[in-house]
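In what follows, a structure is listed as structure tokens, so that the remarks can point back to it.
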Amino acid sequence: MTHVYTVTGMTCSGCKASVEKAIQSIDSVTDVSVNLEQSEAVVSMTDHISIKKLQDALSDKFQIFETNTSKNLFDTIDIPENNSSQFRQLFPLFLIFGYITTIAILLNIRAWETSNFMLDFMGLFYFVFSFFKFLDLKGFSESFKMYDPLAKVVPMYGVVYPFIELGLGLLFITRVQIPLALIITIIILGITTFGVTKTLLDKKSIQCACLGTTLKLPMTKATFIENTIMIIMAVWMLIKIYN
């Protein structure tokens, strides 16, 4: 029997090799083929192997679950992660957004101006998110090019991207070259959002690189929403500046 699994957390060919080796070591497994781009593992086995046994064989860096399509129609299909487990995975992202929002509010609460709140929010957003990417710059660039259209064509863009985010954060916080920073925000996040949207429509399960590789986050609608919020803020600020 042959099952098709989705494996998240793979960012490079080394990860691919590790997953193949770990699964191949399990009794009853006769063949393993891992596709890094599609985050997919096709496993042939003589007896059914539970998801738990497969997960136990893998490093904590990787998560495995069976896709809705199986090459054997009579195989038992394990239920993918439910909303509760997905929420737990995304909790760090929600927590970070909560902190950024709270700090931006506190910075402006005495003399409230929505535009200043947005600029502080965007500056803090870039500072925090670039920080996590710098923790594993190589790993981030490998993950990023799996869904960002520009990073796929120009791999070096993934290495430079955290520096762009840091620079934009400085511009927003110091209120320097705000129109330029807003335009760059719309361009780079627009490109990434296009890639995220395509990934979601293709129903691929890959790791989101928004917080680098330190925190394992699945690519979900939350990633699309986070980018969309920033783009809407940038467009709104540009309209306000030039009106």
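So you can find residues: chains in the structure tokens are A, B, ... in the order shown, residues in each start at 1, and ligands are numbered from 1 in order.
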Write out as number ranges by chain the residues lying within 8 Å of A:Ser33, counting only C-alpha atoms and excluding same-chain residues fewer than 2 positions away.
-> A: 20, 31, 35, 41-43
Distance query A:Leu119 at most 10 Å, only C-alpha atoms, self and fewer than 2 positions along chain excluded, as a PDB file with all heavy atoms, in the first residue's frame:
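As written to disk, selection.pdb reads:
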ATOM      1  N   ALA A 104       2.066  49.978  20.153  1.00  0.00           N
ATOM      2  CA  ALA A 104       1.742  51.084  19.250  1.00  0.00           C
ATOM      3  C   ALA A 104       0.642  51.960  19.841  1.00  0.00           C
ATOM      4  O   ALA A 104       0.675  53.189  19.703  1.00  0.00           O
ATOM      5  CB  ALA A 104       1.317  50.541  17.886  1.00  0.00           C
ATOM      6  N   THR A 114      -4.397  58.459  14.390  1.00  0.00           N
ATOM      7  CA  THR A 114      -4.430  57.142  13.753  1.00  0.00           C
ATOM      8  C   THR A 114      -3.232  56.924  12.841  1.00  0.00           C
ATOM      9  O   THR A 114      -2.663  55.824  12.795  1.00  0.00           O
ATOM     10  CB  THR A 114      -5.737  56.975  12.945  1.00  0.00           C
ATOM     11  OG1 THR A 114      -6.852  57.148  13.822  1.00  0.00           O
ATOM     12  CG2 THR A 114      -5.809  55.589  12.333  1.00  0.00           C
ATOM     13  N   SER A 115      -2.834  57.967  12.125  1.00  0.00           N
ATOM     14  CA  SER A 115      -1.704  57.828  11.204  1.00  0.00           C
ATOM     15  C   SER A 115      -0.412  57.501  11.951  1.00  0.00           C
ATOM     16  O   SER A 115       0.382  56.667  11.510  1.00  0.00           O
ATOM     17  CB  SER A 115      -1.521  59.104  10.379  1.00  0.00           C
ATOM     18  OG  SER A 115      -1.319  60.220  11.222  1.00  0.00           O
ATOM     19  N   ASN A 116      -0.201  58.161  13.097  1.00  0.00           N
ATOM     20  CA  ASN A 116       0.999  57.871  13.889  1.00  0.00           C
ATOM     21  C   ASN A 116       0.948  56.457  14.465  1.00  0.00           C
ATOM     22  O   ASN A 116       1.974  55.762  14.541  1.00  0.00           O
ATOM     23  CB  ASN A 116       1.141  58.885  15.020  1.00  0.00           C
ATOM     24  CG  ASN A 116       1.700  60.210  14.543  1.00  0.00           C
ATOM     25  OD1 ASN A 116       2.425  60.260  13.550  1.00  0.00           O
ATOM     26  ND2 ASN A 116       1.342  61.290  15.212  1.00  0.00           N
ATOM     27  N   PHE A 117      -0.248  56.019  14.877  1.00  0.00           N
ATOM     28  CA  PHE A 117      -0.403  54.657  15.370  1.00  0.00           C
ATOM     29  C   PHE A 117      -0.021  53.659  14.279  1.00  0.00           C
ATOM     30  O   PHE A 117       0.704  52.678  14.527  1.00  0.00           O
ATOM     31  CB  PHE A 117      -1.847  54.410  15.816  1.00  0.00           C
ATOM     32  CG  PHE A 117      -2.213  52.954  15.904  1.00  0.00           C
ATOM     33  CD1 PHE A 117      -1.776  52.177  16.974  1.00  0.00           C
ATOM     34  CD2 PHE A 117      -2.973  52.347  14.914  1.00  0.00           C
ATOM     35  CE1 PHE A 117      -2.092  50.825  17.046  1.00  0.00           C
ATOM     36  CE2 PHE A 117      -3.293  51.001  14.981  1.00  0.00           C
ATOM     37  CZ  PHE A 117      -2.851  50.232  16.055  1.00  0.00           C
ATOM     38  N   PHE A 121       2.981  51.003  14.343  1.00  0.00           N
ATOM     39  CA  PHE A 121       2.634  49.590  14.197  1.00  0.00           C
ATOM     40  C   PHE A 121       3.478  48.960  13.090  1.00  0.00           C
ATOM     41  O   PHE A 121       4.061  47.878  13.263  1.00  0.00           O
ATOM     42  CB  PHE A 121       1.151  49.435  13.865  1.00  0.00           C
ATOM     43  CG  PHE A 121       0.719  48.009  13.663  1.00  0.00           C
ATOM     44  CD1 PHE A 121       0.217  47.270  14.720  1.00  0.00           C
ATOM     45  CD2 PHE A 121       0.820  47.416  12.408  1.00  0.00           C
ATOM     46  CE1 PHE A 121      -0.170  45.939  14.532  1.00  0.00           C
ATOM     47  CE2 PHE A 121       0.433  46.088  12.215  1.00  0.00           C
ATOM     48  CZ  PHE A 121      -0.063  45.358  13.277  1.00  0.00           C
ATOM     49  N   MET A 122       3.559  49.644  11.948  1.00  0.00           N
ATOM     50  CA  MET A 122       4.309  49.101  10.813  1.00  0.00           C
ATOM     51  C   MET A 122       5.801  49.034  11.113  1.00  0.00           C
ATOM     52  O   MET A 122       6.483  48.070  10.748  1.00  0.00           O
ATOM     53  CB  MET A 122       4.048  49.947   9.569  1.00  0.00           C
ATOM     54  CG  MET A 122       2.583  49.903   9.119  1.00  0.00           C
ATOM     55  SD  MET A 122       2.183  51.057   7.779  1.00  0.00           S
ATOM     56  CE  MET A 122       2.810  50.174   6.379  1.00  0.00           C
ATOM     57  N   GLY A 123       6.314  50.053  11.810  1.00  0.00           N
ATOM     58  CA  GLY A 123       7.726  50.040  12.184  1.00  0.00           C
ATOM     59  C   GLY A 123       8.047  48.905  13.131  1.00  0.00           C
ATOM     60  O   GLY A 123       9.039  48.176  12.949  1.00  0.00           O
ATOM     61  N   LEU A 124       7.210  48.714  14.157  1.00  0.00           N
ATOM     62  CA  LEU A 124       7.408  47.631  15.118  1.00  0.00           C
ATOM     63  C   LEU A 124       7.247  46.266  14.448  1.00  0.00           C
ATOM     64  O   LEU A 124       7.982  45.318  14.756  1.00  0.00           O
ATOM     65  CB  LEU A 124       6.408  47.765  16.271  1.00  0.00           C
ATOM     66  CG  LEU A 124       6.618  48.959  17.202  1.00  0.00           C
ATOM     67  CD1 LEU A 124       5.408  49.160  18.104  1.00  0.00           C
ATOM     68  CD2 LEU A 124       7.880  48.773  18.040  1.00  0.00           C
ATOM     69  N   PHE A 125       6.287  46.170  13.533  1.00  0.00           N
ATOM     70  CA  PHE A 125       6.074  44.936  12.780  1.00  0.00           C
ATOM     71  C   PHE A 125       7.364  44.521  12.074  1.00  0.00           C
ATOM     72  O   PHE A 125       7.818  43.367  12.179  1.00  0.00           O
ATOM     73  CB  PHE A 125       4.944  45.155  11.765  1.00  0.00           C
ATOM     74  CG  PHE A 125       4.701  43.998  10.827  1.00  0.00           C
ATOM     75  CD1 PHE A 125       3.726  43.066  11.102  1.00  0.00           C
ATOM     76  CD2 PHE A 125       5.439  43.870   9.652  1.00  0.00           C
ATOM     77  CE1 PHE A 125       3.489  42.001  10.231  1.00  0.00           C
ATOM     78  CE2 PHE A 125       5.219  42.814   8.783  1.00  0.00           C
ATOM     79  CZ  PHE A 125       4.239  41.877   9.070  1.00  0.00           C
ATOM     80  N   GLY A 169      11.550  49.373   8.889  1.00  0.00           N
ATOM     81  CA  GLY A 169      11.188  49.620  10.286  1.00  0.00           C
ATOM     82  C   GLY A 169      11.802  50.906  10.800  1.00  0.00           C
ATOM     83  O   GLY A 169      11.137  51.697  11.481  1.00  0.00           O
ATOM     84  N   LEU A 171      12.736  53.503   8.979  1.00  0.00           N
ATOM     85  CA  LEU A 171      12.108  54.646   8.302  1.00  0.00           C
ATOM     86  C   LEU A 171      10.769  54.997   8.940  1.00  0.00           C
ATOM     87  O   LEU A 171      10.457  56.174   9.145  1.00  0.00           O
ATOM     88  CB  LEU A 171      11.915  54.336   6.813  1.00  0.00           C
ATOM     89  CG  LEU A 171      13.186  54.198   5.963  1.00  0.00           C
ATOM     90  CD1 LEU A 171      12.823  53.876   4.526  1.00  0.00           C
ATOM     91  CD2 LEU A 171      14.027  55.467   6.016  1.00  0.00           C
ATOM     92  N   PHE A 172       9.972  53.990   9.266  1.00  0.00           N
ATOM     93  CA  PHE A 172       8.660  54.250   9.871  1.00  0.00           C
ATOM     94  C   PHE A 172       8.778  54.813  11.283  1.00  0.00           C
ATOM     95  O   PHE A 172       8.083  55.768  11.640  1.00  0.00           O
ATOM     96  CB  PHE A 172       7.821  52.968   9.896  1.00  0.00           C
ATOM     97  CG  PHE A 172       7.224  52.607   8.567  1.00  0.00           C
ATOM     98  CD1 PHE A 172       7.447  51.349   8.011  1.00  0.00           C
ATOM     99  CD2 PHE A 172       6.446  53.508   7.863  1.00  0.00           C
ATOM    100  CE1 PHE A 172       6.898  51.011   6.783  1.00  0.00           C
ATOM    101  CE2 PHE A 172       5.893  53.185   6.625  1.00  0.00           C
ATOM    102  CZ  PHE A 172       6.124  51.932   6.091  1.00  0.00           C
ATOM    103  N   ILE A 173       9.664  54.254  12.078  1.00  0.00           N
ATOM    104  CA  ILE A 173       9.816  54.698  13.469  1.00  0.00           C
ATOM    105  C   ILE A 173      10.388  56.113  13.544  1.00  0.00           C
ATOM    106  O   ILE A 173       9.977  56.928  14.376  1.00  0.00           O
ATOM    107  CB  ILE A 173      10.718  53.731  14.264  1.00  0.00           C
ATOM    108  CG1 ILE A 173      10.020  52.370  14.422  1.00  0.00           C
ATOM    109  CG2 ILE A 173      11.058  54.295  15.636  1.00  0.00           C
ATOM    110  CD1 ILE A 173       8.742  52.395  15.217  1.00  0.00           C
ATOM    111  N   THR A 174      11.348  56.409  12.653  1.00  0.00           N
ATOM    112  CA  THR A 174      11.992  57.734  12.679  1.00  0.00           C
ATOM    113  C   THR A 174      11.256  58.760  11.818  1.00  0.00           C
ATOM    114  O   THR A 174      11.651  59.930  11.790  1.00  0.00           O
ATOM    115  CB  THR A 174      13.450  57.621  12.191  1.00  0.00           C
ATOM    116  OG1 THR A 174      13.472  57.086  10.864  1.00  0.00           O
ATOM    117  CG2 THR A 174      14.262  56.725  13.120  1.00  0.00           C
ATOM    118  N   ARG A 175      10.199  58.315  11.123  1.00  0.00           N
ATOM    119  CA  ARG A 175       9.396  59.190  10.263  1.00  0.00           C
ATOM    120  C   ARG A 175      10.229  59.816   9.143  1.00  0.00           C
ATOM    121  O   ARG A 175      10.086  60.986   8.799  1.00  0.00           O
ATOM    122  CB  ARG A 175       8.728  60.306  11.084  1.00  0.00           C
ATOM    123  CG  ARG A 175       7.902  59.833  12.260  1.00  0.00           C
ATOM    124  CD  ARG A 175       6.678  59.036  11.820  1.00  0.00           C
ATOM    125  NE  ARG A 175       5.708  58.881  12.887  1.00  0.00           N
ATOM    126  CZ  ARG A 175       5.650  57.848  13.714  1.00  0.00           C
ATOM    127  NH1 ARG A 175       6.535  56.850  13.605  1.00  0.00           N
ATOM    128  NH2 ARG A 175       4.718  57.790  14.643  1.00  0.00           N
ATOM    129  N   ILE A 178       8.774  58.528   4.521  1.00  0.00           N
ATOM    130  CA  ILE A 178       7.578  57.712   4.719  1.00  0.00           C
ATOM    131  C   ILE A 178       6.923  57.295   3.390  1.00  0.00           C
ATOM    132  O   ILE A 178       6.580  56.115   3.212  1.00  0.00           O
ATOM    133  CB  ILE A 178       6.554  58.436   5.618  1.00  0.00           C
ATOM    134  CG1 ILE A 178       7.127  58.612   7.034  1.00  0.00           C
ATOM    135  CG2 ILE A 178       5.244  57.644   5.684  1.00  0.00           C
ATOM    136  CD1 ILE A 178       7.496  57.329   7.722  1.00  0.00           C
ATOM    137  N   LEU A 182       6.333  53.424   2.296  1.00  0.00           N
ATOM    138  CA  LEU A 182       5.001  52.883   2.044  1.00  0.00           C
ATOM    139  C   LEU A 182       4.925  52.202   0.673  1.00  0.00           C
ATOM    140  O   LEU A 182       4.328  51.128   0.536  1.00  0.00           O
ATOM    141  CB  LEU A 182       3.963  54.009   2.117  1.00  0.00           C
ATOM    142  CG  LEU A 182       3.737  54.618   3.509  1.00  0.00           C
ATOM    143  CD1 LEU A 182       2.870  55.867   3.404  1.00  0.00           C
ATOM    144  CD2 LEU A 182       3.086  53.601   4.445  1.00  0.00           C
ATOM    145  N   MET A 233      -2.875  49.268   5.297  1.00  0.00           N
ATOM    146  CA  MET A 233      -2.353  50.413   6.052  1.00  0.00           C
ATOM    147  C   MET A 233      -1.497  51.303   5.163  1.00  0.00           C
ATOM    148  O   MET A 233      -1.607  52.534   5.191  1.00  0.00           O
ATOM    149  CB  MET A 233      -1.529  49.929   7.246  1.00  0.00           C
ATOM    150  CG  MET A 233      -2.333  49.429   8.422  1.00  0.00           C
ATOM    151  SD  MET A 233      -1.239  49.070   9.828  1.00  0.00           S
ATOM    152  CE  MET A 233      -2.458  48.719  11.105  1.00  0.00           C
ATOM    153  N   ALA A 234      -0.617  50.668   4.364  1.00  0.00           N
ATOM    154  CA  ALA A 234       0.284  51.430   3.502  1.00  0.00           C
ATOM    155  C   ALA A 234      -0.497  52.218   2.452  1.00  0.00           C
ATOM    156  O   ALA A 234      -0.202  53.392   2.194  1.00  0.00           O
ATOM    157  CB  ALA A 234       1.276  50.478   2.825  1.00  0.00           C
ATOM    158  N   MET A 237      -2.315  55.154   4.121  1.00  0.00           N
ATOM    159  CA  MET A 237      -1.389  56.243   4.487  1.00  0.00           C
ATOM    160  C   MET A 237      -0.969  57.038   3.243  1.00  0.00           C
ATOM    161  O   MET A 237      -0.872  58.266   3.289  1.00  0.00           O
ATOM    162  CB  MET A 237      -0.152  55.665   5.168  1.00  0.00           C
ATOM    163  CG  MET A 237      -0.405  55.171   6.588  1.00  0.00           C
ATOM    164  SD  MET A 237      -0.896  56.497   7.711  1.00  0.00           S
ATOM    165  CE  MET A 237       0.548  57.560   7.630  1.00  0.00           C
TER     166      MET A 237
END
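All residues of protein, DNA or RNA that reach within 12 Å of A:Ile231, judged by only C-alpha atoms and not counting those fewer than 4 positions away in the chain, are Met118, Met122, Ala181, Leu182, Ile183, Ile184, Thr185, Ile186, Ile187, Ile188, Leu189, Gly190, Ile191, Thr192, Thr193, Phe224, Ile225, Glu226, Asn227, Val235, Trp236, Met237 and Leu238 of chain A.
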Minimum-distance residue to A:Val159, chosen among A:Leu180, A:Ala111, A:Leu137, A:Cys12 (using only C-alpha atoms) | A:Leu137
Out of A:Gly98, A:Gly167, A:Pro179, A:Pro149, which residue has the shortest atom-to-atom distance to A:Val196 when counting only C-alpha atoms?
-> A:Pro149
Can you list every residue in stretch 23-238 of chain A that DSSP puts in helix (DSSP H, G or I), as a PyMOL selection string?
-> chain A and resi 23-24+51-57+83-108+114-134+137-144+149-153+156-174+178-201+221-238
Using only C-alpha atoms, which residues sit within 9 Å of A:Ile64 once same-chain residues fewer than 2 positions away are excluded, as a PDB file with all heavy atoms, in the first residue's frame?
ATOM      1  N   TYR A   5       1.701  11.762   2.118  1.00  0.00           N
ATOM      2  CA  TYR A   5       1.701  12.573   3.334  1.00  0.00           C
ATOM      3  C   TYR A   5       2.182  13.984   3.042  1.00  0.00           C
ATOM      4  O   TYR A   5       2.984  14.210   2.130  1.00  0.00           O
ATOM      5  CB  TYR A   5       2.615  11.958   4.405  1.00  0.00           C
ATOM      6  CG  TYR A   5       2.205  10.583   4.848  1.00  0.00           C
ATOM      7  CD1 TYR A   5       2.705   9.453   4.210  1.00  0.00           C
ATOM      8  CD2 TYR A   5       1.315  10.404   5.906  1.00  0.00           C
ATOM      9  CE1 TYR A   5       2.321   8.177   4.604  1.00  0.00           C
ATOM     10  CE2 TYR A   5       0.936   9.137   6.313  1.00  0.00           C
ATOM     11  CZ  TYR A   5       1.434   8.026   5.660  1.00  0.00           C
ATOM     12  OH  TYR A   5       1.054   6.777   6.058  1.00  0.00           O
ATOM     13  N   THR A   6       1.709  14.916   3.822  1.00  0.00           N
ATOM     14  CA  THR A   6       2.224  16.280   3.792  1.00  0.00           C
ATOM     15  C   THR A   6       3.197  16.433   4.946  1.00  0.00           C
ATOM     16  O   THR A   6       2.883  16.056   6.083  1.00  0.00           O
ATOM     17  CB  THR A   6       1.086  17.306   3.933  1.00  0.00           C
ATOM     18  OG1 THR A   6       0.224  17.198   2.806  1.00  0.00           O
ATOM     19  CG2 THR A   6       1.635  18.726   3.993  1.00  0.00           C
ATOM     20  N   VAL A   7       4.366  16.970   4.669  1.00  0.00           N
ATOM     21  CA  VAL A   7       5.391  17.168   5.696  1.00  0.00           C
ATOM     22  C   VAL A   7       5.750  18.644   5.740  1.00  0.00           C
ATOM     23  O   VAL A   7       6.221  19.204   4.744  1.00  0.00           O
ATOM     24  CB  VAL A   7       6.655  16.333   5.407  1.00  0.00           C
ATOM     25  CG1 VAL A   7       7.687  16.535   6.526  1.00  0.00           C
ATOM     26  CG2 VAL A   7       6.311  14.856   5.264  1.00  0.00           C
ATOM     27  N   THR A   8       5.513  19.293   6.862  1.00  0.00           N
ATOM     28  CA  THR A   8       5.864  20.699   7.005  1.00  0.00           C
ATOM     29  C   THR A   8       7.189  20.830   7.759  1.00  0.00           C
ATOM     30  O   THR A   8       7.578  19.932   8.497  1.00  0.00           O
ATOM     31  CB  THR A   8       4.782  21.471   7.768  1.00  0.00           C
ATOM     32  OG1 THR A   8       4.629  20.900   9.080  1.00  0.00           O
ATOM     33  CG2 THR A   8       3.450  21.403   7.048  1.00  0.00           C
ATOM     34  N   ALA A  41       5.445  13.631   0.922  1.00  0.00           N
ATOM     35  CA  ALA A  41       6.184  12.378   1.054  1.00  0.00           C
ATOM     36  C   ALA A  41       5.275  11.231   0.620  1.00  0.00           C
ATOM     37  O   ALA A  41       4.165  11.088   1.123  1.00  0.00           O
ATOM     38  CB  ALA A  41       6.638  12.166   2.493  1.00  0.00           C
ATOM     39  N   ILE A  51       0.061   7.660  12.000  1.00  0.00           N
ATOM     40  CA  ILE A  51       0.696   8.969  11.922  1.00  0.00           C
ATOM     41  C   ILE A  51       1.621   9.185  13.118  1.00  0.00           C
ATOM     42  O   ILE A  51       2.701   9.772  12.992  1.00  0.00           O
ATOM     43  CB  ILE A  51      -0.384  10.078  11.876  1.00  0.00           C
ATOM     44  CG1 ILE A  51      -1.044  10.109  10.507  1.00  0.00           C
ATOM     45  CG2 ILE A  51       0.217  11.457  12.174  1.00  0.00           C
ATOM     46  CD1 ILE A  51      -0.133  10.566   9.384  1.00  0.00           C
ATOM     47  N   LYS A  52       1.196   8.713  14.286  1.00  0.00           N
ATOM     48  CA  LYS A  52       2.011   8.893  15.497  1.00  0.00           C
ATOM     49  C   LYS A  52       3.373   8.224  15.343  1.00  0.00           C
ATOM     50  O   LYS A  52       4.405   8.785  15.724  1.00  0.00           O
ATOM     51  CB  LYS A  52       1.293   8.321  16.718  1.00  0.00           C
ATOM     52  CG  LYS A  52       2.048   8.546  18.033  1.00  0.00           C
ATOM     53  CD  LYS A  52       1.293   7.983  19.212  1.00  0.00           C
ATOM     54  CE  LYS A  52       2.013   8.305  20.528  1.00  0.00           C
ATOM     55  NZ  LYS A  52       3.422   7.864  20.558  1.00  0.00           N
ATOM     56  N   LEU A  54       4.943   7.579  12.559  1.00  0.00           N
ATOM     57  CA  LEU A  54       5.720   8.347  11.581  1.00  0.00           C
ATOM     58  C   LEU A  54       6.275   9.621  12.214  1.00  0.00           C
ATOM     59  O   LEU A  54       7.440   9.974  12.016  1.00  0.00           O
ATOM     60  CB  LEU A  54       4.838   8.713  10.384  1.00  0.00           C
ATOM     61  CG  LEU A  54       4.437   7.566   9.447  1.00  0.00           C
ATOM     62  CD1 LEU A  54       3.329   8.009   8.511  1.00  0.00           C
ATOM     63  CD2 LEU A  54       5.649   7.088   8.645  1.00  0.00           C
ATOM     64  N   GLN A  55       5.435  10.302  13.008  1.00  0.00           N
ATOM     65  CA  GLN A  55       5.862  11.540  13.658  1.00  0.00           C
ATOM     66  C   GLN A  55       6.974  11.280  14.664  1.00  0.00           C
ATOM     67  O   GLN A  55       7.933  12.057  14.771  1.00  0.00           O
ATOM     68  CB  GLN A  55       4.672  12.194  14.364  1.00  0.00           C
ATOM     69  CG  GLN A  55       4.986  13.571  14.956  1.00  0.00           C
ATOM     70  CD  GLN A  55       5.372  14.584  13.905  1.00  0.00           C
ATOM     71  OE1 GLN A  55       4.575  14.949  13.054  1.00  0.00           O
ATOM     72  NE2 GLN A  55       6.613  15.044  13.927  1.00  0.00           N
ATOM     73  N   LEU A  58      10.385  11.206  13.201  1.00  0.00           N
ATOM     74  CA  LEU A  58      10.905  12.469  12.677  1.00  0.00           C
ATOM     75  C   LEU A  58      11.397  13.394  13.781  1.00  0.00           C
ATOM     76  O   LEU A  58      10.976  13.288  14.932  1.00  0.00           O
ATOM     77  CB  LEU A  58       9.822  13.194  11.874  1.00  0.00           C
ATOM     78  CG  LEU A  58       9.318  12.497  10.602  1.00  0.00           C
ATOM     79  CD1 LEU A  58       8.152  13.263  10.016  1.00  0.00           C
ATOM     80  CD2 LEU A  58      10.440  12.372   9.579  1.00  0.00           C
ATOM     81  N   PHE A  62       9.886  18.764  12.100  1.00  0.00           N
ATOM     82  CA  PHE A  62       8.961  18.387  11.043  1.00  0.00           C
ATOM     83  C   PHE A  62       7.622  17.904  11.603  1.00  0.00           C
ATOM     84  O   PHE A  62       7.573  17.279  12.658  1.00  0.00           O
ATOM     85  CB  PHE A  62       9.567  17.283  10.166  1.00  0.00           C
ATOM     86  CG  PHE A  62      10.969  17.579   9.695  1.00  0.00           C
ATOM     87  CD1 PHE A  62      12.038  16.840  10.163  1.00  0.00           C
ATOM     88  CD2 PHE A  62      11.215  18.608   8.802  1.00  0.00           C
ATOM     89  CE1 PHE A  62      13.336  17.110   9.750  1.00  0.00           C
ATOM     90  CE2 PHE A  62      12.501  18.893   8.375  1.00  0.00           C
ATOM     91  CZ  PHE A  62      13.566  18.148   8.854  1.00  0.00           C
ATOM     92  N   GLU A  66      -1.430  12.954   6.870  1.00  0.00           N
ATOM     93  CA  GLU A  66      -1.818  12.391   5.593  1.00  0.00           C
ATOM     94  C   GLU A  66      -2.727  13.348   4.846  1.00  0.00           C
ATOM     95  O   GLU A  66      -3.613  13.958   5.436  1.00  0.00           O
ATOM     96  CB  GLU A  66      -2.510  11.043   5.795  1.00  0.00           C
ATOM     97  CG  GLU A  66      -2.617  10.239   4.510  1.00  0.00           C
ATOM     98  CD  GLU A  66      -2.984   8.785   4.764  1.00  0.00           C
ATOM     99  OE1 GLU A  66      -3.238   8.425   5.922  1.00  0.00           O
ATOM    100  OE2 GLU A  66      -3.018   8.029   3.789  1.00  0.00           O
TER     101      GLU A  66
END
